[in-house]
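Trainee: The structure follows.
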Amino acid sequence: MTTQTHMMTSTGRAATVTGLALSFSTVRLRPLIAVVIASAVLLGVTLGGVIVPADVHLVVLLVAVPALTAAADNTCTTVSMTALACLGVVAVDVDDGLPSSPILLIDVLGLLVVCVLVLVFRRMRDVDHRTLRAVRSVSETAQRALLPPLPCRVAGLEIATAYRSVAAHAHIGGDVYAAERVDRTVRMLIGDVRGHGLAAVDDAAAVIGAFREAAHRDARLEHVALALDAGVRRRVDQAGQTDSNAAERFITALVLEIPDDSHVVHVISCGHPDVMRSHGTDVDLLEVPQPAPPLGLGGDQAAYQVNTFGFEPEETLLLHTDGLLETRDAAGVFYPALDRFALLAEDEPQYLIERLMSDLTVHAGGEVQDDVAMVAVRRRAAAPTDADEDVHHASPFDTEFGSWPA
């Protein structure tokens, strides 16, 4: 199984690199291809216009020359090819005995009109591209503030994260994750805000802020969960003044605590999908028998029960939102997350996350219909050292750098 898994990972990485190389080559070659095709049309139509009888007026086809240069992204190219096309029009019309005919003027004006339209529409497209780049820059800045990448190593743990928003061109949505180093433990949160859009992002920011504060303030994990629920309810009450649907807003979440000195993980579930755990190729679910209500629905302290599970060296935990489980293929079949996790669990967390996200996208036919967040956590066999306290990396899905919260 190990050999097979590493072969799958290597194949996937090679395919990714090949795909990126082909995409880059296509982008670089596109202007050249456009110019070559435009030149071929210019040459072919001009020669054909000279050869065929005068009553067959092929020269009108030369309007395709400036139109084809729209893909060249270069004003000089469009103007130059249009000038050559005008010379071709003059040559063909003179050969057809039309040097003083208004047809010659009409043919030339047609080329110039197409050239101007190409330049105008290219300018409009460039403005749209600049606007989109500015919007993406703002989105990436918001992502760095809301979901800074977690460190790849901390206190004997290896961590990798992946996030994909269902919104087009967006980097953030309603799924959240966070981690805090508290004394000799690591506390983690993963959650799924009900709904999408700006309201979901607002709720996500609120719950992450509440977690970062409560993780350091409260000694007991159930008190952290209580603080999160209280924070979400305050936000819902405030939103209710302007949003009639605010009462329907809630957040499913898992709150975890991984101590340094014992091979266990403590989990409180607030209506969230269970954690997957692997040891080699054996996988299981850390099933919480009595989950608490989702955050914001007002659970009492008794509802937030701490469940303790074994977490041995070389085991991997996969935290995820329901987008991983509820993605369907064209036939309506749900993504077999547990089976895929079993196939890939021996990979390093970084490649495990990468392969799962790629496989999920393929299963969905290239378009995932819900936000998806995943966090893979592996306990290393070696004892943690001081150097493990703050080591960062950039994953294929979290390309911006953040800082480990103090």
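Each chain in the structure tokens gets a letter, A, B and so on, in the order shown; residues start at 1 in every chain, and ligands are counted from 1 in the order they appear.
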Could you pull the residues within 10 Å of region 249-252 of chain A, counting only C-alpha atoms, minus those fewer than 6 positions along the same chain, as a count of residues only?

Mentor: 36

Trainee: Please extract the residues of region 211-278 of chain A with a backbone DSSP assignment of strand (DSSP E or B) and present them as a list of chain:residue names.

Mentor: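 Secondary structure check on region 211-278 of chain A, strand (DSSP E or B): A:Ile251, A:Thr252, A:Ala253, A:Leu254, A:Val255, A:Leu256, A:Glu257, A:Ile258, A:Pro259, A:Val264, A:Val265, A:His266, A:Val267, A:Ile268, A:Ser269, A:Cys270, A:Gly271, A:Val275, A:Met276, A:Arg277, A:Ser278.
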
Trainee: Interatomic distance between CA of Gly310 (chain A) and CA of Arg187 (chain A)?

Mentor: 16.0 Å

Trainee: Need to verify the contact set: Phe334 (chain A), 9 Å, only C-alpha atoms, exclusion of same-chain residues closer than 4 positions in sequence. Can you return it as a PDB file with C-alpha atoms, in the first residue's frame?

Mentor:
```
ATOM      1  CA  LEU A 325     -18.765  14.532   2.484  1.00  0.00           C
ATOM      2  CA  GLU A 326     -21.626  16.096   0.553  1.00  0.00           C
ATOM      3  CA  THR A 327     -19.942  16.584  -2.826  1.00  0.00           C
ATOM      4  CA  ARG A 328     -21.667  14.461  -5.489  1.00  0.00           C
ATOM      5  CA  ASP A 329     -20.628  13.254  -8.907  1.00  0.00           C
ATOM      6  CA  HIS A 363     -15.253  13.501  -8.458  1.00  0.00           C
TER       7      HIS A 363
END
```

Trainee: Quick one: everything within 9 Å of Leu352 (chain A), counting only C-alpha atoms, minus sequence neighbours fewer than 6 positions away in the same chain. Send it as a list of chain:residue names.

Mentor: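 Neighbouring residues, sequence-local ones excluded: A:Thr9, A:Ala160, A:Phe341, A:Leu344, A:Ala345, A:Glu346, A:Ala376.
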
Trainee: Using only C-alpha atoms, determine which residues lie at most 8 Å from Gln350 (chain A), disregarding the query and same-chain residues fewer than 2 positions distant; provide the list as a PDB file with C-alpha atoms, in the first residue's frame.

Mentor:
```
ATOM      1  CA  ILE A 159      -0.086  20.206  10.093  1.00  0.00           C
ATOM      2  CA  ALA A 160      -1.366  20.946   6.601  1.00  0.00           C
ATOM      3  CA  THR A 161      -4.435  22.909   5.542  1.00  0.00           C
ATOM      4  CA  ASP A 347       1.335  10.352   2.642  1.00  0.00           C
ATOM      5  CA  GLU A 348       2.774  13.382   4.369  1.00  0.00           C
ATOM      6  CA  LEU A 352      -2.477  14.070   1.594  1.00  0.00           C
ATOM      7  CA  ILE A 353      -4.391  17.346   1.549  1.00  0.00           C
ATOM      8  CA  GLU A 354      -3.299  18.142  -2.000  1.00  0.00           C
ATOM      9  CA  ALA A 376      -4.510  17.177   8.443  1.00  0.00           C
ATOM     10  CA  SER A 395       0.679  24.740   0.800  1.00  0.00           C
TER      11      SER A 395
END
```

Trainee: I want to know what sits within 7 Å of Leu319 (chain A), based on only C-alpha atoms, with residues of the same chain fewer than 2 positions away left out; could you give that as an MDAnalysis selection string?

Mentor: chainID A and resid 275:276 317 374:376

Trainee: Next, dump the selected residues to file, keeping only all heavy atoms, as a PDB file, in the first residue's frame.

Mentor:
```pdb
ATOM      1  N   VAL A 275     -14.131  13.565  13.166  1.00  0.00           N
ATOM      2  CA  VAL A 275     -12.747  13.528  12.693  1.00  0.00           C
ATOM      3  C   VAL A 275     -12.438  12.129  12.171  1.00  0.00           C
ATOM      4  O   VAL A 275     -12.869  11.122  12.741  1.00  0.00           O
ATOM      5  CB  VAL A 275     -11.787  13.886  13.844  1.00  0.00           C
ATOM      6  CG1 VAL A 275     -10.330  13.817  13.374  1.00  0.00           C
ATOM      7  CG2 VAL A 275     -12.104  15.270  14.397  1.00  0.00           C
ATOM      8  N   MET A 276     -11.675  12.057  11.089  1.00  0.00           N
ATOM      9  CA  MET A 276     -11.146  10.784  10.600  1.00  0.00           C
ATOM     10  C   MET A 276      -9.756  10.576  11.195  1.00  0.00           C
ATOM     11  O   MET A 276      -8.979  11.522  11.302  1.00  0.00           O
ATOM     12  CB  MET A 276     -11.062  10.775   9.075  1.00  0.00           C
ATOM     13  CG  MET A 276     -12.380  10.965   8.369  1.00  0.00           C
ATOM     14  SD  MET A 276     -12.182  10.896   6.562  1.00  0.00           S
ATOM     15  CE  MET A 276     -13.786  11.504   6.043  1.00  0.00           C
ATOM     16  N   LEU A 317      -4.847  12.712  11.860  1.00  0.00           N
ATOM     17  CA  LEU A 317      -6.230  13.156  12.010  1.00  0.00           C
ATOM     18  C   LEU A 317      -6.600  14.029  10.819  1.00  0.00           C
ATOM     19  O   LEU A 317      -5.811  14.889  10.412  1.00  0.00           O
ATOM     20  CB  LEU A 317      -6.420  13.961  13.297  1.00  0.00           C
ATOM     21  CG  LEU A 317      -6.036  13.299  14.617  1.00  0.00           C
ATOM     22  CD1 LEU A 317      -6.263  14.259  15.773  1.00  0.00           C
ATOM     23  CD2 LEU A 317      -6.828  12.008  14.832  1.00  0.00           C
ATOM     24  N   MET A 374     -10.068  21.604   4.950  1.00  0.00           N
ATOM     25  CA  MET A 374      -9.479  20.398   5.513  1.00  0.00           C
ATOM     26  C   MET A 374      -8.224  20.762   6.296  1.00  0.00           C
ATOM     27  O   MET A 374      -7.463  21.633   5.877  1.00  0.00           O
ATOM     28  CB  MET A 374      -9.123  19.389   4.415  1.00  0.00           C
ATOM     29  CG  MET A 374     -10.320  18.757   3.730  1.00  0.00           C
ATOM     30  SD  MET A 374      -9.841  17.454   2.558  1.00  0.00           S
ATOM     31  CE  MET A 374      -9.279  18.454   1.184  1.00  0.00           C
ATOM     32  N   VAL A 375      -8.028  20.071   7.405  1.00  0.00           N
ATOM     33  CA  VAL A 375      -6.809  20.210   8.197  1.00  0.00           C
ATOM     34  C   VAL A 375      -6.330  18.808   8.535  1.00  0.00           C
ATOM     35  O   VAL A 375      -7.067  18.027   9.150  1.00  0.00           O
ATOM     36  CB  VAL A 375      -7.050  21.007   9.498  1.00  0.00           C
ATOM     37  CG1 VAL A 375      -5.747  21.121  10.289  1.00  0.00           C
ATOM     38  CG2 VAL A 375      -7.623  22.383   9.202  1.00  0.00           C
ATOM     39  N   ALA A 376      -5.118  18.465   8.116  1.00  0.00           N
ATOM     40  CA  ALA A 376      -4.510  17.177   8.443  1.00  0.00           C
ATOM     41  C   ALA A 376      -3.461  17.393   9.530  1.00  0.00           C
ATOM     42  O   ALA A 376      -2.634  18.298   9.430  1.00  0.00           O
ATOM     43  CB  ALA A 376      -3.871  16.558   7.206  1.00  0.00           C
TER      44      ALA A 376
END
```

Trainee: One decimal, Å: what's the distance from CA of Ala381 (chain A) over to CA of Thr316 (chain A), could you say?

Mentor: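 If I compute the distance from CA of Ala381 (chain A) to CA of Thr316 (chain A), I get 11.7 Å.
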
Trainee: Could you pull out the residues in region 12-254 of chain A that DSSP calls alpha helix (DSSP H) from the backbone, as an NGL selection string?

Mentor: :A and (12-51 or 64-68 or 75-95 or 102-146 or 198-217 or 221-239)

Trainee: Restricting it to C-alpha atoms, dump the selection as a CSV table (one decimal), in the first residue's frame.

Mentor:
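What ended up in result21.csv:
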```csv
chain,number,residue,atom,x,y,z
A,12,GLY,CA,-0.6,13.4,-9.2
A,13,ARG,CA,2.3,15.8,-8.7
A,14,ALA,CA,3.7,15.1,-12.1
A,15,ALA,CA,0.3,15.6,-13.7
A,16,THR,CA,-0.1,18.9,-11.9
A,17,VAL,CA,3.3,20.1,-13.0
A,18,THR,CA,2.7,19.0,-16.6
A,19,GLY,CA,-0.7,20.7,-16.6
A,20,LEU,CA,0.7,24.0,-15.3
A,21,ALA,CA,3.5,23.8,-17.8
A,22,LEU,CA,1.1,23.3,-20.7
A,23,SER,CA,-1.2,26.1,-19.5
A,24,PHE,CA,1.8,28.5,-19.2
A,25,SER,CA,3.0,27.5,-22.7
A,26,THR,CA,-0.4,28.0,-24.1
A,27,VAL,CA,-0.6,31.5,-22.6
A,28,ARG,CA,2.8,32.4,-23.9
A,29,LEU,CA,2.2,30.9,-27.4
A,30,ARG,CA,-1.3,32.4,-27.9
A,31,PRO,CA,-0.2,35.8,-29.3
A,32,LEU,CA,2.2,34.1,-31.7
A,33,ILE,CA,-0.4,31.6,-32.8
A,34,ALA,CA,-2.8,34.5,-33.4
A,35,VAL,CA,-0.3,36.4,-35.5
A,36,VAL,CA,0.6,33.3,-37.5
A,37,ILE,CA,-3.1,32.6,-38.3
A,38,ALA,CA,-3.7,36.3,-39.2
A,39,SER,CA,-0.7,36.3,-41.5
A,40,ALA,CA,-1.8,33.0,-43.2
A,41,VAL,CA,-5.3,34.5,-43.8
A,42,LEU,CA,-3.7,37.7,-45.2
A,43,LEU,CA,-1.4,35.8,-47.5
A,44,GLY,CA,-4.0,33.3,-48.6
A,45,VAL,CA,-6.8,35.9,-49.3
A,46,THR,CA,-4.5,38.2,-51.1
A,47,LEU,CA,-3.1,35.5,-53.4
A,48,GLY,CA,-6.5,34.1,-53.9
A,49,GLY,CA,-7.9,37.5,-54.8
A,50,VAL,CA,-5.3,38.0,-57.5
A,51,ILE,CA,-5.8,34.5,-58.9
A,64,ALA,CA,-10.6,38.7,-40.3
A,65,VAL,CA,-7.0,39.8,-40.1
A,66,PRO,CA,-7.4,42.6,-37.5
A,67,ALA,CA,-10.1,40.6,-35.7
A,68,LEU,CA,-7.7,37.6,-35.3
A,75,THR,CA,-1.8,47.4,-30.1
A,76,CYS,CA,1.2,47.5,-32.4
A,77,THR,CA,0.5,44.1,-33.7
A,78,THR,CA,-3.1,44.9,-34.5
A,79,VAL,CA,-2.2,48.2,-36.2
A,80,SER,CA,0.7,46.6,-38.2
A,81,MET,CA,-1.5,43.7,-39.4
A,82,THR,CA,-4.3,46.1,-40.3
A,83,ALA,CA,-1.8,48.2,-42.4
A,84,LEU,CA,-0.6,45.0,-44.2
A,85,ALA,CA,-4.3,44.0,-44.8
A,86,CYS,CA,-4.9,47.5,-46.3
A,87,LEU,CA,-2.0,46.9,-48.7
A,88,GLY,CA,-3.5,43.6,-49.6
A,89,VAL,CA,-6.9,45.2,-50.4
A,90,VAL,CA,-5.2,47.8,-52.6
A,91,ALA,CA,-3.2,45.1,-54.5
A,92,VAL,CA,-6.3,42.9,-55.1
A,93,ASP,CA,-8.6,45.8,-56.1
A,94,VAL,CA,-6.0,47.3,-58.5
A,95,ASP,CA,-5.5,43.8,-60.0
A,102,PRO,CA,-15.6,53.4,-54.3
A,103,ILE,CA,-15.3,49.7,-53.5
A,104,LEU,CA,-11.6,50.2,-52.7
A,105,LEU,CA,-12.4,52.9,-50.2
A,106,ILE,CA,-15.2,50.8,-48.7
A,107,ASP,CA,-12.9,47.8,-48.3
A,108,VAL,CA,-10.2,49.9,-46.6
A,109,LEU,CA,-12.7,51.6,-44.3
A,110,GLY,CA,-14.1,48.2,-43.3
A,111,LEU,CA,-10.6,47.1,-42.2
A,112,LEU,CA,-10.0,50.3,-40.2
A,113,VAL,CA,-13.4,50.0,-38.5
A,114,VAL,CA,-12.6,46.5,-37.4
A,115,CYS,CA,-9.2,47.6,-36.2
A,116,VAL,CA,-10.7,50.4,-34.1
A,117,LEU,CA,-13.3,48.0,-32.6
A,118,VAL,CA,-10.6,45.5,-31.6
A,119,LEU,CA,-8.6,48.2,-29.9
A,120,VAL,CA,-11.6,49.6,-28.0
A,121,PHE,CA,-12.8,46.2,-26.8
A,122,ARG,CA,-9.2,45.2,-25.8
A,123,ARG,CA,-9.0,48.4,-23.8
A,124,MET,CA,-12.3,47.5,-22.0
A,125,ARG,CA,-11.1,44.0,-21.3
A,126,ASP,CA,-7.8,45.3,-19.9
A,127,VAL,CA,-9.8,47.5,-17.5
A,128,ASP,CA,-11.9,44.6,-16.4
A,129,HIS,CA,-8.7,42.5,-15.8
A,130,ARG,CA,-7.2,45.2,-13.7
A,131,THR,CA,-10.4,45.4,-11.6
A,132,LEU,CA,-10.4,41.7,-11.2
A,133,ARG,CA,-6.8,41.7,-10.1
A,134,ALA,CA,-7.5,44.4,-7.5
A,135,VAL,CA,-10.5,42.4,-6.2
A,136,ARG,CA,-8.4,39.3,-5.9
A,137,SER,CA,-5.7,41.3,-4.0
A,138,VAL,CA,-8.3,42.4,-1.5
A,139,SER,CA,-9.7,38.9,-1.2
A,140,GLU,CA,-6.2,37.5,-0.6
A,141,THR,CA,-5.5,40.1,2.0
A,142,ALA,CA,-8.7,39.3,3.8
A,143,GLN,CA,-7.8,35.6,3.7
A,144,ARG,CA,-4.4,36.2,5.3
A,145,ALA,CA,-6.2,38.1,8.1
A,146,LEU,CA,-9.0,35.7,8.6
A,198,LEU,CA,-20.6,38.4,3.4
A,199,ALA,CA,-22.8,37.4,6.3
A,200,ALA,CA,-21.0,34.0,6.5
A,201,VAL,CA,-17.6,35.7,6.3
A,202,ASP,CA,-18.6,38.1,9.1
A,203,ASP,CA,-19.7,35.1,11.3
A,204,ALA,CA,-16.5,33.3,10.5
A,205,ALA,CA,-14.4,36.2,11.5
A,206,ALA,CA,-16.3,36.5,14.8
A,207,VAL,CA,-15.9,32.8,15.8
A,208,ILE,CA,-12.2,32.8,15.0
A,209,GLY,CA,-11.7,35.9,17.1
A,210,ALA,CA,-13.7,34.4,20.0
A,211,PHE,CA,-11.6,31.2,19.7
A,212,ARG,CA,-8.3,32.9,19.8
A,213,GLU,CA,-9.3,34.8,23.0
A,214,ALA,CA,-11.0,31.9,24.8
A,215,ALA,CA,-8.2,29.4,23.9
A,216,HIS,CA,-5.8,31.3,26.1
A,217,ARG,CA,-8.2,32.5,28.7
A,221,LEU,CA,-12.0,22.9,26.9
A,222,GLU,CA,-15.7,22.9,27.6
A,223,HIS,CA,-15.4,26.5,28.8
A,224,VAL,CA,-13.8,27.4,25.4
A,225,ALA,CA,-16.8,25.9,23.7
A,226,LEU,CA,-19.2,27.8,25.9
A,227,ALA,CA,-17.4,31.0,25.2
A,228,LEU,CA,-17.7,30.4,21.4
A,229,ASP,CA,-21.4,29.7,21.7
A,230,ALA,CA,-21.9,32.9,23.7
A,231,GLY,CA,-19.9,34.9,21.2
A,232,VAL,CA,-21.9,33.6,18.3
A,233,ARG,CA,-25.2,34.3,20.1
A,234,ARG,CA,-24.1,37.8,20.7
A,235,ARG,CA,-23.4,38.3,17.1
A,236,VAL,CA,-26.7,36.8,16.1
A,237,ASP,CA,-28.6,39.1,18.5
A,238,GLN,CA,-26.8,42.1,17.0
A,239,ALA,CA,-27.4,41.0,13.4
```
